[in-house]
Amino acid sequence: MNTLEPAKLKEAAKLLPPSPQIFGKLSKLLKDTNTGLGDITELVNTDSSLTTQVLRLSNSAFFNQGSSVDTLDEAINRIGFRELFKLVGMAAASQVFSRKNVTYDVDGSLLWENSLAVGLAMEILANATGADEQEAYTLGLLRSMGKMVIDLCAKEEGTYPSYESNSPQPLIEWEENNFGITNPIVSGFLLNSWNFPEETAKTIQFQYDPNAANHTSPNIRLLNISNGIAERIDKALPGESSYWDLSEGTLTSFNLTQDKIDDTCERVKDGLEQVVTSVAA
């Protein structure tokens, strides 16, 4: 077994786009009542490629409600801070998950669509259960970041195996056997190093096994449930199916029903199709 050390992970993380960190900083800004329009545009504009993608999304058929916009100020005035936050998240996820992940044998398009699906599901379930929708959406979008860093490390070393998409071995077990670390642990490590709230990092770390968490944040199980919803709409990632719990007992603890889950699946599927179609147009 080749163990991926923190130093290797840090070096690999430097190769990722800066957009996830900008997304995290934007989340903090939007929770500050003193934040103004200039603060938002200054932050997003620090990454010109992110700004370009956000404007492209805001001018897509899904978001455009009139004439096209050319600046972030115009986009914000049209759609508001909340929708801009979602757009920045979509663009950040698109940049991070845009390429095929060889280590996990999954195309970038599926990684991005899974990220969006889980983010949308988290937002809907947060609204239904009284959780923070912005935080929930963030968790859904960033939950697979660790896979990208592990893939970068594996490519650098050139000695690591790839997970076969039809493998019967559960993903986390395979990661532990081959890397001595798992993708949710790496995701949490990244978010901590990027100064995301500690609660965000811990939630992502325990998404595969909420029972192992030593704290009781409801977002851990909501993230687990949302991953199951992504699977139900055929946006699952290889090796993860056995970890998601949409049993009646789990849903009842959140006052959720199977009908609510079915409704959420339909809403996520429709929303995802609209976004993907609009972006591709």
# chains A, B, ... in the order shown; residues from 1 in each chain; ligands from 1
>>> select_by_dssp(residues="segment 140-245 of chain A", states="helix (DSSP H, G or I)", output="number ranges by chain")
A: 140-142, 145-157, 171-179, 183-193, 198-205, 210-212, 218-232, 241-243
>>> write_last_selection(atoms="C-alpha atoms", output="mmCIF file, in the first residue's frame")
data_model
loop_
_atom_site.group_PDB
_atom_site.id
_atom_site.type_symbol
_atom_site.label_atom_id
_atom_site.label_comp_id
_atom_site.auth_asym_id
_atom_site.auth_seq_id
_atom_site.Cartn_x
_atom_site.Cartn_y
_atom_site.Cartn_z
ATOM 1 C CA GLY A 140 -23.350 18.971 -1.792
ATOM 2 C CA LEU A 141 -21.186 20.711 -4.358
ATOM 3 C CA LEU A 142 -17.848 20.127 -2.649
ATOM 4 C CA MET A 145 -13.186 17.313 -3.839
ATOM 5 C CA GLY A 146 -10.941 14.693 -2.261
ATOM 6 C CA LYS A 147 -11.261 12.434 -5.292
ATOM 7 C CA MET A 148 -9.721 15.076 -7.506
ATOM 8 C CA VAL A 149 -6.704 15.531 -5.243
ATOM 9 C CA ILE A 150 -6.167 11.771 -4.908
ATOM 10 C CA ASP A 151 -6.284 11.513 -8.698
ATOM 11 C CA LEU A 152 -3.675 14.269 -9.054
ATOM 12 C CA CYS A 153 -1.410 12.474 -6.581
ATOM 13 C CA ALA A 154 -1.879 9.153 -8.361
ATOM 14 C CA LYS A 155 -0.982 10.678 -11.728
ATOM 15 C CA GLU A 156 2.146 12.213 -10.237
ATOM 16 C CA GLU A 157 3.291 8.906 -8.753
ATOM 17 C CA LEU A 171 -15.085 2.448 -2.540
ATOM 18 C CA ILE A 172 -13.905 3.457 0.928
ATOM 19 C CA GLU A 173 -12.439 0.002 1.553
ATOM 20 C CA TRP A 174 -10.600 0.177 -1.781
ATOM 21 C CA GLU A 175 -9.203 3.642 -0.966
ATOM 22 C CA GLU A 176 -7.956 2.535 2.439
ATOM 23 C CA ASN A 177 -6.279 -0.511 0.910
ATOM 24 C CA ASN A 178 -4.538 1.439 -1.841
ATOM 25 C CA PHE A 179 -3.886 4.924 -0.442
ATOM 26 C CA ASN A 183 -11.624 10.740 -0.329
ATOM 27 C CA PRO A 184 -13.922 12.225 2.378
ATOM 28 C CA ILE A 185 -10.947 12.589 4.741
ATOM 29 C CA VAL A 186 -9.005 14.345 1.984
ATOM 30 C CA SER A 187 -12.003 16.595 1.256
ATOM 31 C CA GLY A 188 -12.184 17.585 4.909
ATOM 32 C CA PHE A 189 -8.437 18.192 4.962
ATOM 33 C CA LEU A 190 -8.755 20.498 1.952
ATOM 34 C CA LEU A 191 -11.656 22.488 3.353
ATOM 35 C CA ASN A 192 -9.842 22.955 6.646
ATOM 36 C CA SER A 193 -6.758 24.236 4.820
ATOM 37 C CA GLU A 198 -14.794 23.139 10.794
ATOM 38 C CA GLU A 199 -18.375 21.869 10.791
ATOM 39 C CA THR A 200 -18.374 21.830 6.982
ATOM 40 C CA ALA A 201 -15.214 19.749 6.849
ATOM 41 C CA LYS A 202 -16.466 17.273 9.465
ATOM 42 C CA THR A 203 -19.801 16.842 7.722
ATOM 43 C CA ILE A 204 -18.140 15.878 4.451
ATOM 44 C CA GLN A 205 -15.728 13.551 6.247
ATOM 45 C CA PRO A 210 -22.891 9.108 9.708
ATOM 46 C CA ASN A 211 -22.945 6.638 12.597
ATOM 47 C CA ALA A 212 -19.175 7.031 12.990
ATOM 48 C CA PRO A 218 -28.081 16.841 10.977
ATOM 49 C CA ASN A 219 -26.279 17.833 7.783
ATOM 50 C CA ILE A 220 -24.239 14.615 7.913
ATOM 51 C CA ARG A 221 -27.308 12.443 7.400
ATOM 52 C CA LEU A 222 -28.872 14.929 5.008
ATOM 53 C CA LEU A 223 -25.733 14.694 2.877
ATOM 54 C CA ASN A 224 -25.914 10.904 3.009
ATOM 55 C CA ILE A 225 -29.585 11.037 1.965
ATOM 56 C CA SER A 226 -28.837 13.532 -0.823
ATOM 57 C CA ASN A 227 -26.160 11.233 -2.219
ATOM 58 C CA GLY A 228 -28.820 8.532 -2.337
ATOM 59 C CA ILE A 229 -31.127 10.883 -4.220
ATOM 60 C CA ALA A 230 -28.403 11.523 -6.823
ATOM 61 C CA GLU A 231 -28.146 7.762 -7.241
ATOM 62 C CA ARG A 232 -31.906 7.442 -7.733
ATOM 63 C CA SER A 241 -24.211 2.771 -3.584
ATOM 64 C CA SER A 242 -23.857 0.679 -0.443
ATOM 65 C CA TYR A 243 -23.235 3.733 1.748
#
>>> closest_atom_pairs(of="segment 25-115 of chain A", to="segment 163-169 of chain A", cutoff="10 Å", atoms="only C-alpha atoms", output="CSV")
residue,atom,partner,partner_atom,distance
A:Val102,CA,A:Tyr163,CA,8.4
A:Thr103,CA,A:Tyr163,CA,6.0
A:Tyr104,CA,A:Tyr163,CA,5.0
A:Asp105,CA,A:Ser165,CA,6.2
A:Val106,CA,A:Ser165,CA,7.7
>>> write_last_selection(atoms="N, CA and C atoms", output="PDB file, in the first residue's frame")
ATOM      1  N   VAL A 102      -9.254   9.595 -13.747  1.00  0.00           N
ATOM      2  CA  VAL A 102      -8.802   8.264 -14.141  1.00  0.00           C
ATOM      3  C   VAL A 102      -8.790   7.308 -12.952  1.00  0.00           C
ATOM      4  N   THR A 103      -8.381   7.794 -11.794  1.00  0.00           N
ATOM      5  CA  THR A 103      -8.279   6.940 -10.610  1.00  0.00           C
ATOM      6  C   THR A 103      -9.617   6.325 -10.239  1.00  0.00           C
ATOM      7  N   TYR A 104     -10.687   7.077 -10.451  1.00  0.00           N
ATOM      8  CA  TYR A 104     -12.021   6.596 -10.089  1.00  0.00           C
ATOM      9  C   TYR A 104     -12.861   6.194 -11.304  1.00  0.00           C
ATOM     10  N   ASP A 105     -12.229   6.208 -12.474  1.00  0.00           N
ATOM     11  CA  ASP A 105     -12.876   5.761 -13.710  1.00  0.00           C
ATOM     12  C   ASP A 105     -14.222   6.440 -13.921  1.00  0.00           C
ATOM     13  N   VAL A 106     -14.210   7.764 -13.858  1.00  0.00           N
ATOM     14  CA  VAL A 106     -15.462   8.509 -14.014  1.00  0.00           C
ATOM     15  C   VAL A 106     -15.200   9.783 -14.812  1.00  0.00           C
TER      16      VAL A 106
END
>>> residues_around(residues="Asn114 of chain A", least_positions_apart="5", cutoff="8 Å", atoms="only C-alpha atoms", output="tab-separated table (two decimals) with N, CA and C atoms, in the first residue's frame")
chain	number	residue	atom	x	y	z
A	230	ALA	N	-29.17	11.44	-5.56
A	230	ALA	CA	-28.40	11.52	-6.82
A	230	ALA	C	-28.33	10.15	-7.49
A	235	LYS	N	-27.37	9.50	-11.32
A	235	LYS	CA	-26.16	10.33	-11.30
A	235	LYS	C	-25.20	9.84	-10.22
A	236	ALA	N	-25.22	8.52	-9.97
A	236	ALA	CA	-24.36	7.93	-8.95
A	236	ALA	C	-22.92	7.86	-9.43
A	237	LEU	N	-21.99	7.86	-8.48
A	237	LEU	CA	-20.58	7.67	-8.78
A	237	LEU	C	-20.19	6.24	-8.41
>>> closest_atom_pairs(of="segment 100-196 of chain A", to="segment 85-89 of chain A", cutoff="10 Å", atoms="only C-alpha atoms", output="Markdown table")
| residue | atom | partner | partner_atom | distance |
| --- | --- | --- | --- | --- |
| A:Ser115 | CA | A:Gly89 | CA | 9.8 |
| A:Leu116 | CA | A:Gly89 | CA | 8.8 |
| A:Gly119 | CA | A:Gly89 | CA | 9.2 |
| A:Leu120 | CA | A:Lys86 | CA | 9.5 |
| A:Gln134 | CA | A:Phe85 | CA | 8.3 |
| A:Tyr137 | CA | A:Lys86 | CA | 8.1 |
| A:Thr138 | CA | A:Gly89 | CA | 7.4 |
| A:Leu141 | CA | A:Gly89 | CA | 7.0 |
| A:Leu142 | CA | A:Gly89 | CA | 8.9 |
>>> closest_residue(among="A:Gly249, A:Gly108, A:Gly271, A:Pro170", to="Glu123 of chain A", atoms="only C-alpha atoms")
A:Gly271
>>> residues_around(residues="Ser48 of chain A", least_positions_apart="5", cutoff="12 Å", atoms="only C-alpha atoms", output="ChimeraX atom specification")
/A:17-19,22,41-43,53-55,71-72,91
>>> write_last_selection(atoms="N, CA and C atoms", output="compact mmCIF listing (two decimals), in the first residue's frame")
# COMPACT_ATOMS: atom_id res chain seq x y z
N PRO A 17 -8.11 24.52 -9.47
CA PRO A 17 -8.50 25.92 -9.71
C PRO A 17 -8.78 26.62 -8.37
N PRO A 18 -8.63 27.95 -8.31
CA PRO A 18 -8.89 28.68 -7.06
C PRO A 18 -10.38 28.87 -6.77
N SER A 19 -11.24 28.51 -7.72
CA SER A 19 -12.67 28.81 -7.59
C SER A 19 -13.34 28.22 -6.35
N ILE A 22 -12.73 30.60 -3.57
CA ILE A 22 -13.51 31.82 -3.76
C ILE A 22 -14.97 31.57 -3.37
N THR A 41 -18.40 41.57 -5.99
CA THR A 41 -17.79 41.62 -7.32
C THR A 41 -16.26 41.61 -7.24
N GLU A 42 -15.71 42.26 -6.23
CA GLU A 42 -14.25 42.27 -6.08
C GLU A 42 -13.73 40.86 -5.84
N LEU A 43 -14.43 40.10 -5.01
CA LEU A 43 -13.99 38.74 -4.72
C LEU A 43 -14.07 37.85 -5.96
N GLN A 53 -17.23 32.38 -16.59
CA GLN A 53 -18.17 31.26 -16.54
C GLN A 53 -19.47 31.64 -15.84
N VAL A 54 -19.37 32.45 -14.79
CA VAL A 54 -20.57 32.91 -14.09
C VAL A 54 -21.43 33.75 -15.03
N LEU A 55 -20.81 34.63 -15.79
CA LEU A 55 -21.57 35.45 -16.73
C LEU A 55 -22.20 34.58 -17.83
N THR A 71 -21.55 42.31 -17.02
CA THR A 71 -20.74 42.47 -15.81
C THR A 71 -21.42 41.77 -14.64
N LEU A 72 -20.63 41.52 -13.59
CA LEU A 72 -21.19 40.90 -12.39
C LEU A 72 -22.21 41.80 -11.72
N ALA A 91 -20.28 27.13 -11.27
CA ALA A 91 -19.09 27.39 -12.08
C ALA A 91 -17.85 26.80 -11.44
>>> closest_residue(among="A:Thr129, A:Leu26, A:Ala12, A:Val118", to="Asp39 of chain A", atoms="only C-alpha atoms")
A:Leu26
>>> residues_around(residues="Ser247 of chain A", least_positions_apart="5", cutoff="10 Å", atoms="only C-alpha atoms", output="list of chain:residue names")
A:Ile225, A:Thr252, A:Thr257, A:Gln258
>>> closest_residue(among="A:Leu246, A:Leu15, A:Leu139, A:Ile261", to="Phe196 of chain A", atoms="only C-alpha atoms")
A:Leu139
>>> atom_distance(atom1="atom CA of Phe81 of chain A", atom2="atom CA of Lys25 of chain A")
13.7 Å
>>> closest_residue(among="A:Gly36, A:Ser60, A:Ala213, A:Ala7", to="Gln274 of chain A", atoms="only C-alpha atoms")
A:Ser60
>>> decode(residues="segment 115-152 of chain A", atoms="N, CA and C atoms", output="compact mmCIF listing (two decimals), in the first residue's frame")
# COMPACT_ATOMS: atom_id res chain seq x y z
N SER A 115 -22.24 16.36 -8.52
CA SER A 115 -22.03 17.48 -7.60
C SER A 115 -23.25 18.39 -7.57
N LEU A 116 -23.75 18.76 -8.74
CA LEU A 116 -24.93 19.62 -8.81
C LEU A 116 -26.17 18.94 -8.24
N ALA A 117 -26.34 17.66 -8.56
CA ALA A 117 -27.50 16.93 -8.08
C ALA A 117 -27.54 16.87 -6.56
N VAL A 118 -26.38 16.57 -5.96
CA VAL A 118 -26.33 16.50 -4.50
C VAL A 118 -26.53 17.88 -3.89
N GLY A 119 -25.94 18.90 -4.53
CA GLY A 119 -26.13 20.27 -4.03
C GLY A 119 -27.59 20.70 -4.07
N LEU A 120 -28.26 20.42 -5.18
CA LEU A 120 -29.67 20.77 -5.30
C LEU A 120 -30.53 19.99 -4.30
N ALA A 121 -30.23 18.72 -4.14
CA ALA A 121 -30.98 17.90 -3.17
C ALA A 121 -30.78 18.43 -1.76
N MET A 122 -29.55 18.78 -1.42
CA MET A 122 -29.26 19.32 -0.09
C MET A 122 -30.03 20.61 0.16
N GLU A 123 -30.08 21.46 -0.85
CA GLU A 123 -30.80 22.73 -0.71
C GLU A 123 -32.29 22.48 -0.45
N ILE A 124 -32.88 21.56 -1.21
CA ILE A 124 -34.31 21.25 -1.06
C ILE A 124 -34.59 20.64 0.31
N LEU A 125 -33.77 19.70 0.74
CA LEU A 125 -33.98 19.05 2.02
C LEU A 125 -33.72 20.00 3.19
N ALA A 126 -32.77 20.91 3.02
CA ALA A 126 -32.51 21.90 4.06
C ALA A 126 -33.73 22.79 4.25
N ASN A 127 -34.34 23.18 3.15
CA ASN A 127 -35.56 23.99 3.22
C ASN A 127 -36.68 23.24 3.92
N ALA A 128 -36.77 21.93 3.68
CA ALA A 128 -37.84 21.12 4.27
C ALA A 128 -37.61 20.84 5.75
N THR A 129 -36.35 20.86 6.18
CA THR A 129 -36.04 20.48 7.56
C THR A 129 -35.58 21.65 8.43
N GLY A 130 -35.51 22.83 7.85
CA GLY A 130 -35.11 24.00 8.63
C GLY A 130 -33.62 24.20 8.75
N ALA A 131 -32.83 23.49 7.96
CA ALA A 131 -31.38 23.66 7.99
C ALA A 131 -30.97 24.85 7.12
N ASP A 132 -29.71 25.24 7.21
CA ASP A 132 -29.18 26.37 6.44
C ASP A 132 -29.03 25.95 4.97
N GLU A 133 -29.80 26.54 4.08
CA GLU A 133 -29.79 26.13 2.68
C GLU A 133 -28.46 26.43 2.00
N GLN A 134 -27.86 27.56 2.34
CA GLN A 134 -26.58 27.93 1.73
C GLN A 134 -25.49 26.95 2.11
N GLU A 135 -25.43 26.61 3.39
CA GLU A 135 -24.44 25.64 3.87
C GLU A 135 -24.69 24.27 3.24
N ALA A 136 -25.96 23.88 3.17
CA ALA A 136 -26.31 22.57 2.61
C ALA A 136 -25.89 22.47 1.15
N TYR A 137 -26.16 23.50 0.38
CA TYR A 137 -25.79 23.53 -1.03
C TYR A 137 -24.27 23.42 -1.19
N THR A 138 -23.53 24.13 -0.34
CA THR A 138 -22.07 24.08 -0.38
C THR A 138 -21.56 22.67 -0.13
N LEU A 139 -22.12 22.01 0.86
CA LEU A 139 -21.71 20.64 1.19
C LEU A 139 -21.92 19.70 0.00
N GLY A 140 -23.06 19.83 -0.65
CA GLY A 140 -23.35 18.97 -1.79
C GLY A 140 -22.38 19.17 -2.94
N LEU A 141 -22.07 20.42 -3.23
CA LEU A 141 -21.19 20.71 -4.36
C LEU A 141 -19.76 20.24 -4.13
N LEU A 142 -19.27 20.37 -2.92
CA LEU A 142 -17.85 20.13 -2.65
C LEU A 142 -17.54 18.75 -2.09
N ARG A 143 -18.52 17.91 -1.98
CA ARG A 143 -18.34 16.66 -1.24
C ARG A 143 -17.34 15.69 -1.88
N SER A 144 -17.06 15.82 -3.18
CA SER A 144 -16.13 14.89 -3.86
C SER A 144 -14.77 15.52 -4.17
N MET A 145 -14.45 16.65 -3.55
CA MET A 145 -13.19 17.31 -3.84
C MET A 145 -11.99 16.40 -3.61
N GLY A 146 -12.07 15.56 -2.59
CA GLY A 146 -10.94 14.69 -2.26
C GLY A 146 -10.56 13.76 -3.39
N LYS A 147 -11.54 13.34 -4.18
CA LYS A 147 -11.26 12.43 -5.29
C LYS A 147 -10.36 13.10 -6.33
N MET A 148 -10.53 14.38 -6.51
CA MET A 148 -9.72 15.08 -7.51
C MET A 148 -8.27 15.18 -7.05
N VAL A 149 -8.07 15.42 -5.76
CA VAL A 149 -6.70 15.53 -5.24
C VAL A 149 -6.02 14.16 -5.24
N ILE A 150 -6.74 13.12 -4.86
CA ILE A 150 -6.17 11.77 -4.91
C ILE A 150 -5.77 11.41 -6.33
N ASP A 151 -6.59 11.79 -7.29
CA ASP A 151 -6.28 11.51 -8.70
C ASP A 151 -5.02 12.25 -9.14
N LEU A 152 -4.88 13.50 -8.71
CA LEU A 152 -3.67 14.27 -9.05
C LEU A 152 -2.43 13.62 -8.46
